[in-house]
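For reference, protein13.txt is printed below; it contains compact mmCIF, C-alpha atoms.
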```txt
# COMPACT_ATOMS: atom_id res chain seq x y z
CA MET G 1 -4.41 19.37 -7.67
CA GLY G 2 -4.03 15.62 -8.14
CA VAL G 3 -2.18 14.02 -11.04
CA VAL G 4 -2.90 10.74 -12.87
CA HIS G 5 -0.28 9.14 -15.11
CA ARG G 6 -2.23 6.72 -17.31
CA PHE G 7 -0.77 3.31 -18.01
CA THR G 8 -0.47 2.76 -21.76
CA GLY G 9 1.81 -0.28 -21.89
CA THR G 10 1.62 -4.05 -21.77
CA GLU G 11 2.57 -6.56 -19.09
CA ASN G 12 6.32 -6.51 -19.65
CA ARG G 13 6.63 -3.41 -21.82
CA MET G 14 5.24 -0.88 -19.37
CA ASP G 15 4.62 2.68 -20.43
CA TRP G 16 2.68 5.72 -19.22
CA GLN G 17 1.21 8.77 -20.92
CA ASP G 18 3.35 11.91 -20.66
CA VAL G 19 5.87 10.35 -18.30
CA PRO G 20 9.46 11.56 -18.71
CA GLU G 21 12.36 9.19 -19.35
CA LYS G 22 15.01 8.99 -16.66
CA GLN G 23 18.58 9.36 -17.88
CA ILE G 24 20.62 6.25 -17.09
CA ASP G 25 24.42 6.25 -16.97
CA PRO G 26 25.39 3.72 -19.68
CA SER G 27 28.99 3.40 -18.44
CA SER G 28 28.01 1.51 -15.26
CA THR G 29 24.77 -0.21 -16.35
CA ARG G 30 23.65 -2.63 -19.04
CA GLY G 31 20.25 -2.74 -20.77
CA VAL G 32 18.49 -0.36 -18.36
CA THR G 33 15.77 2.19 -19.15
CA GLY G 34 13.81 4.24 -16.63
CA LYS G 35 10.64 6.33 -16.29
CA VAL G 36 9.90 8.89 -13.58
CA LEU G 37 6.34 8.07 -12.44
CA ILE G 38 6.24 10.53 -9.55
CA GLY G 39 8.98 13.14 -9.41
CA PRO G 40 9.98 16.77 -9.74
CA HIS G 41 7.44 17.31 -12.57
CA ASP G 42 4.70 16.50 -10.05
CA GLU G 43 6.30 18.86 -7.51
CA ALA G 44 6.49 15.92 -5.09
CA PRO G 45 8.50 17.22 -2.12
CA ASN G 46 9.03 14.02 -0.10
CA PHE G 47 9.55 10.97 -2.30
CA HIS G 48 9.91 10.01 -5.96
CA VAL G 49 8.72 6.80 -7.66
CA ARG G 50 10.48 5.45 -10.75
CA TYR G 51 10.01 2.42 -13.03
CA PHE G 52 13.09 0.60 -14.26
CA ARG G 53 13.23 -2.01 -16.99
CA ILE G 54 16.31 -4.20 -17.37
CA GLN G 55 16.80 -6.49 -20.37
CA PRO G 56 17.69 -10.16 -19.77
CA GLY G 57 21.38 -10.29 -18.85
CA GLY G 58 21.43 -6.60 -17.97
CA HIS G 59 22.10 -4.93 -14.63
CA SER G 60 21.87 -1.69 -12.70
CA SER G 61 24.94 0.11 -11.42
CA LEU G 62 26.82 -1.50 -8.50
CA GLU G 63 26.59 1.47 -6.16
CA ARG G 64 26.48 2.77 -2.61
CA HIS G 65 24.93 6.08 -1.53
CA PRO G 66 23.38 7.58 1.60
CA HIS G 67 19.75 7.29 0.47
CA ASP G 68 17.58 4.18 0.64
CA HIS G 69 15.48 2.37 -2.00
CA GLY G 70 12.05 0.74 -1.72
CA VAL G 71 11.58 -1.75 -4.57
CA TYR G 72 8.48 -3.62 -5.75
CA ILE G 73 9.04 -6.23 -8.49
CA LEU G 74 6.43 -5.95 -11.26
CA HIS G 75 7.66 -8.49 -13.82
CA GLY G 76 10.59 -10.81 -14.48
CA ARG G 77 13.19 -12.17 -12.08
CA ALA G 78 16.06 -10.40 -10.34
CA ASN G 79 19.21 -11.39 -8.58
CA VAL G 80 19.73 -8.66 -5.99
CA ARG G 81 22.96 -7.92 -4.21
CA ILE G 82 22.74 -5.93 -0.97
CA GLY G 83 25.98 -5.69 0.94
CA ALA G 84 27.35 -9.24 1.29
CA ASP G 85 23.92 -10.85 0.59
CA GLN G 86 22.55 -12.11 -2.72
CA MET G 87 18.90 -13.08 -3.18
CA ASN G 88 16.57 -14.05 -6.00
CA VAL G 89 13.23 -12.27 -6.26
CA GLY G 90 10.22 -12.18 -8.57
CA PRO G 91 6.84 -10.51 -9.13
CA GLY G 92 5.20 -9.11 -5.98
CA ASP G 93 8.34 -9.38 -3.87
CA VAL G 94 9.34 -6.26 -1.94
CA VAL G 95 12.99 -5.31 -1.38
CA TYR G 96 14.21 -2.66 1.02
CA VAL G 97 17.75 -1.39 0.40
CA PRO G 98 18.89 0.71 3.39
CA GLY G 99 21.10 3.75 2.83
CA SER G 100 24.88 3.22 2.52
CA GLU G 101 24.61 -0.46 1.48
CA LEU G 102 26.34 -1.56 -1.71
CA HIS G 103 23.63 -2.85 -4.08
CA GLN G 104 22.91 -4.04 -7.61
CA PHE G 105 19.93 -5.50 -9.50
CA ARG G 106 20.50 -8.09 -12.24
CA ALA G 107 17.82 -9.37 -14.65
CA SER G 108 18.32 -13.08 -14.08
CA GLY G 109 15.48 -14.64 -16.09
CA ASP G 110 14.64 -14.93 -19.79
CA GLU G 111 12.14 -12.06 -19.53
CA PRO G 112 12.83 -8.36 -18.95
CA LEU G 113 12.90 -7.33 -15.31
CA GLY G 114 10.62 -4.45 -14.29
CA PHE G 115 10.30 -2.82 -10.89
CA LEU G 116 9.10 0.25 -9.06
CA CYS G 117 11.78 2.07 -7.06
CA VAL G 118 10.96 4.62 -4.36
CA VAL G 119 13.60 7.11 -3.23
CA PRO G 120 13.59 10.22 -1.02
CA ALA G 121 13.08 13.39 -3.07
CA ASP G 122 16.06 15.05 -1.39
CA ARG G 123 19.08 12.87 -2.21
CA MET T 1 21.35 -5.17 5.79
CA GLY T 2 18.72 -5.51 3.09
CA VAL T 3 15.25 -6.92 3.63
CA VAL T 4 13.05 -8.99 1.29
CA HIS T 5 9.32 -9.40 1.94
CA ARG T 6 8.31 -12.43 -0.11
CA PHE T 7 5.04 -12.35 -2.01
CA THR T 8 2.85 -15.29 -0.98
CA GLY T 9 -0.53 -14.23 -2.40
CA THR T 10 -2.49 -14.43 -5.62
CA GLU T 11 -3.37 -11.81 -8.23
CA ASN T 12 -6.19 -10.12 -6.31
CA ARG T 13 -5.57 -11.57 -2.83
CA MET T 14 -2.11 -10.22 -2.27
CA ASP T 15 -0.11 -11.27 0.75
CA TRP T 16 3.49 -11.25 1.94
CA GLN T 17 5.49 -13.33 4.40
CA ASP T 18 5.93 -11.75 7.84
CA VAL T 19 4.36 -8.43 6.83
CA PRO T 20 2.40 -6.67 9.58
CA GLU T 21 -1.24 -5.66 9.14
CA LYS T 22 -1.98 -1.96 9.19
CA GLN T 23 -4.78 -0.89 11.54
CA ILE T 24 -7.60 0.78 9.62
CA ASP T 25 -10.16 3.04 11.26
CA PRO T 26 -13.49 1.25 10.60
CA SER T 27 -15.59 4.30 11.48
CA SER T 28 -14.58 6.26 8.36
CA THR T 29 -13.81 3.43 5.90
CA ARG T 30 -15.62 0.46 4.39
CA GLY T 31 -14.12 -2.90 3.42
CA VAL T 32 -10.47 -1.80 3.71
CA THR T 33 -7.50 -3.89 4.86
CA GLY T 34 -3.85 -2.84 4.77
CA LYS T 35 -0.33 -4.26 4.93
CA VAL T 36 2.86 -2.34 5.73
CA LEU T 37 5.34 -3.47 3.05
CA ILE T 38 8.11 -1.05 3.98
CA GLY T 39 7.78 0.75 7.29
CA PRO T 40 9.02 1.23 10.83
CA HIS T 41 9.80 -2.51 11.17
CA ASP T 42 12.37 -2.05 8.35
CA GLU T 43 13.74 1.06 10.09
CA ALA T 44 13.01 3.01 6.90
CA PRO T 45 13.71 6.65 7.78
CA ASN T 46 12.41 8.46 4.68
CA PHE T 47 9.30 6.80 3.19
CA HIS T 48 6.89 3.96 3.89
CA VAL T 49 5.12 1.73 1.35
CA ARG T 50 1.74 0.13 2.15
CA TYR T 51 -0.66 -2.15 0.27
CA PHE T 52 -4.38 -1.48 0.61
CA ARG T 53 -7.19 -3.77 -0.49
CA ILE T 54 -10.74 -2.43 -0.78
CA GLN T 55 -13.70 -4.72 -1.36
CA PRO T 56 -16.17 -3.90 -4.17
CA GLY T 57 -18.37 -1.04 -2.97
CA GLY T 58 -15.90 -0.12 -0.22
CA HIS T 59 -13.92 3.07 0.22
CA SER T 60 -11.06 4.69 2.09
CA SER T 61 -11.57 7.60 4.46
CA LEU T 62 -12.46 10.98 2.94
CA GLU T 63 -9.56 12.90 4.42
CA ARG T 64 -7.18 15.80 4.16
CA HIS T 65 -3.73 15.97 5.79
CA PRO T 66 -0.41 17.74 5.19
CA HIS T 67 1.43 14.70 3.74
CA ASP T 68 1.23 13.47 0.17
CA HIS T 69 0.46 10.01 -1.31
CA GLY T 70 2.01 8.19 -4.27
CA VAL T 71 -0.36 5.48 -5.49
CA TYR T 72 0.17 2.64 -7.98
CA ILE T 73 -2.93 0.60 -8.88
CA LEU T 74 -2.19 -3.15 -8.82
CA HIS T 75 -5.65 -4.69 -9.43
CA GLY T 76 -9.29 -3.66 -9.77
CA ARG T 77 -10.78 -0.28 -10.60
CA ALA T 78 -10.97 2.88 -8.50
CA ASN T 79 -12.90 6.07 -8.52
CA VAL T 80 -10.55 8.62 -7.01
CA ARG T 81 -11.56 11.96 -5.59
CA ILE T 82 -8.82 14.59 -5.24
CA GLY T 83 -10.07 18.03 -4.27
CA ALA T 84 -12.89 18.90 -6.70
CA ASP T 85 -11.76 16.29 -9.28
CA GLN T 86 -13.00 12.75 -9.73
CA MET T 87 -11.25 10.24 -11.98
CA ASN T 88 -11.47 6.53 -12.81
CA VAL T 89 -8.27 4.50 -12.76
CA GLY T 90 -7.19 0.90 -13.20
CA PRO T 91 -4.15 -1.40 -13.14
CA GLY T 92 -0.82 0.30 -13.86
CA ASP T 93 -2.20 3.81 -13.42
CA VAL T 94 -0.24 6.12 -11.12
CA VAL T 95 -1.95 8.71 -8.92
CA TYR T 96 -0.21 11.51 -7.08
CA VAL T 97 -2.19 13.08 -4.24
CA PRO T 98 -0.45 16.29 -3.08
CA GLY T 99 -0.49 17.25 0.59
CA SER T 100 -3.51 19.13 1.96
CA GLU T 101 -5.90 17.93 -0.80
CA LEU T 102 -9.14 16.25 0.23
CA HIS T 103 -9.07 12.71 -1.19
CA GLN T 104 -10.81 9.34 -1.20
CA PHE T 105 -10.45 6.01 -3.05
CA ARG T 106 -13.55 3.96 -3.93
CA ALA T 107 -13.51 0.39 -5.31
CA SER T 108 -15.72 0.98 -8.33
CA GLY T 109 -15.57 -2.36 -10.15
CA ASP T 110 -16.79 -5.89 -9.44
CA GLU T 111 -13.31 -6.96 -8.29
CA PRO T 112 -11.42 -5.92 -5.17
CA LEU T 113 -9.25 -2.85 -5.60
CA GLY T 114 -5.59 -3.17 -4.62
CA PHE T 115 -2.92 -0.49 -4.67
CA LEU T 116 0.47 0.48 -3.34
CA CYS T 117 0.57 3.74 -1.37
CA VAL T 118 3.80 5.61 -0.63
CA VAL T 119 3.91 8.16 2.18
CA PRO T 120 6.68 10.11 3.92
CA ALA T 121 7.92 8.30 7.03
CA ASP T 122 7.57 11.48 9.11
CA ARG T 123 3.87 12.42 8.99
```
Can you present the structure in this file as structure tokens?
Amino acid sequence: MGVVHRFTGTENRMDWQDVPEKQIDPSSTRGVTGKVLIGPHDEAPNFHVRYFRIQPGGHSSLERHPHDHGVYILHGRANVRIGADQMNVGPGDVVYVPGSELHQFRASGDEPLGFLCVVPADR
Amino acid sequence: MGVVHRFTGTENRMDWQDVPEKQIDPSSTRGVTGKVLIGPHDEAPNFHVRYFRIQPGGHSSLERHPHDHGVYILHGRANVRIGADQMNVGPGDVVYVPGSELHQFRASGDEPLGFLCVVPADR
């Protein structure tokens, strides 16, 4: 049976009905919250989709792992590090982070950064 | 190495630099165009992300297949059929279509419908 997660938020304070919070490691991140939009609670066997919100000046963990990320920027600006590259992105831009590349997302503007992040379910 | 696909469109005419068109079967659809945002050209081994745009009154194919879909509505309104259910969704809503469920997306408003659609790479 299909599942709909209703959007209940605003443009840069995005929220969804009955969507679980994702636990974020505070020791390696700054100003990050997450929501699991499609995940284990939907019994999705192949991929998961999460929303992350990073406050201005905040950042995700600088990390490297075997699985890849597909990112779609919803609001705000990001400085993205992937391996030795750094790039600035904004709303509508799509970022693909291959597996085993060192990467980090920084909220570089005055507004909160928000993005969708796709990952394989098995990771 | 990471990849960025730059957004070059407008709010309901979304486009990206150097992003390939997806071929759509015109015999079973109406008013549908597609773009592959993350796919084989990115050598993405686990999942692909596509953008679909459906003109008012248009619809995707009524279909059933083993793989699942993760959908995020970007603009416009949709009437979504999943199995025996029908639901109306709009911007920010998230739809999960499990594998092997009959499904179809219809652009139900006066504006074009646009959404992201995640699928497993191996399908």
- Item | Spatial neighbours of Gln23 (chain T), max dist 10 Å, only C-alpha atoms, sep filter under 2 positions, as an MDAnalysis selection string | chainID T and resid 20:21 25:26 32:36
Got a sec: who's within 10 Å of Pro56 (chain G), counting all atoms listed in the file, leaving out chain neighbours fewer than 3 positions off, as a PDB file with C-alpha atoms, in the coordinates of the input?
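As a result, out36.pdb now contains:
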```
ATOM      1  CA  ARG G  30      23.650  -2.630 -19.040  1.00  0.00           C
ATOM      2  CA  GLY G  31      20.250  -2.740 -20.770  1.00  0.00           C
ATOM      3  CA  VAL G  32      18.490  -0.360 -18.360  1.00  0.00           C
ATOM      4  CA  ARG G  53      13.230  -2.010 -16.990  1.00  0.00           C
ATOM      5  CA  HIS G  59      22.100  -4.930 -14.630  1.00  0.00           C
ATOM      6  CA  GLY G  76      10.590 -10.810 -14.480  1.00  0.00           C
ATOM      7  CA  ARG G  77      13.190 -12.170 -12.080  1.00  0.00           C
ATOM      8  CA  ALA G  78      16.060 -10.400 -10.340  1.00  0.00           C
ATOM      9  CA  ARG G 106      20.500  -8.090 -12.240  1.00  0.00           C
ATOM     10  CA  ALA G 107      17.820  -9.370 -14.650  1.00  0.00           C
ATOM     11  CA  SER G 108      18.320 -13.080 -14.080  1.00  0.00           C
ATOM     12  CA  GLY G 109      15.480 -14.640 -16.090  1.00  0.00           C
ATOM     13  CA  ASP G 110      14.640 -14.930 -19.790  1.00  0.00           C
ATOM     14  CA  GLU G 111      12.140 -12.060 -19.530  1.00  0.00           C
ATOM     15  CA  PRO G 112      12.830  -8.360 -18.950  1.00  0.00           C
ATOM     16  CA  LEU G 113      12.900  -7.330 -15.310  1.00  0.00           C
TER      17      LEU G 113
END
```
- Query: Taking all atoms listed in the file into account, which residues of chain T are within 7 Å of chain G, as JSON, numbers by chain?
  - Reply: {"T": [1, 2, 3, 4, 5, 6, 7, 37, 38, 46, 47, 82, 83, 92, 93, 94, 95, 96, 97, 98, 120]}
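Distance annotation: of G:Ser28, G:Gly114, G:Arg123, G:Val19, the residue with the minimal separation from Ile54 (chain G) is G:Gly114; atom set is all atoms listed in the file.
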- So how far away is CA of Tyr51 (chain T) from CA of Glu63 (chain T), in Å?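 Atom-to-atom, CA of Glu63 (chain T) and CA of Tyr51 (chain T) are spaced 18.0 Å apart.
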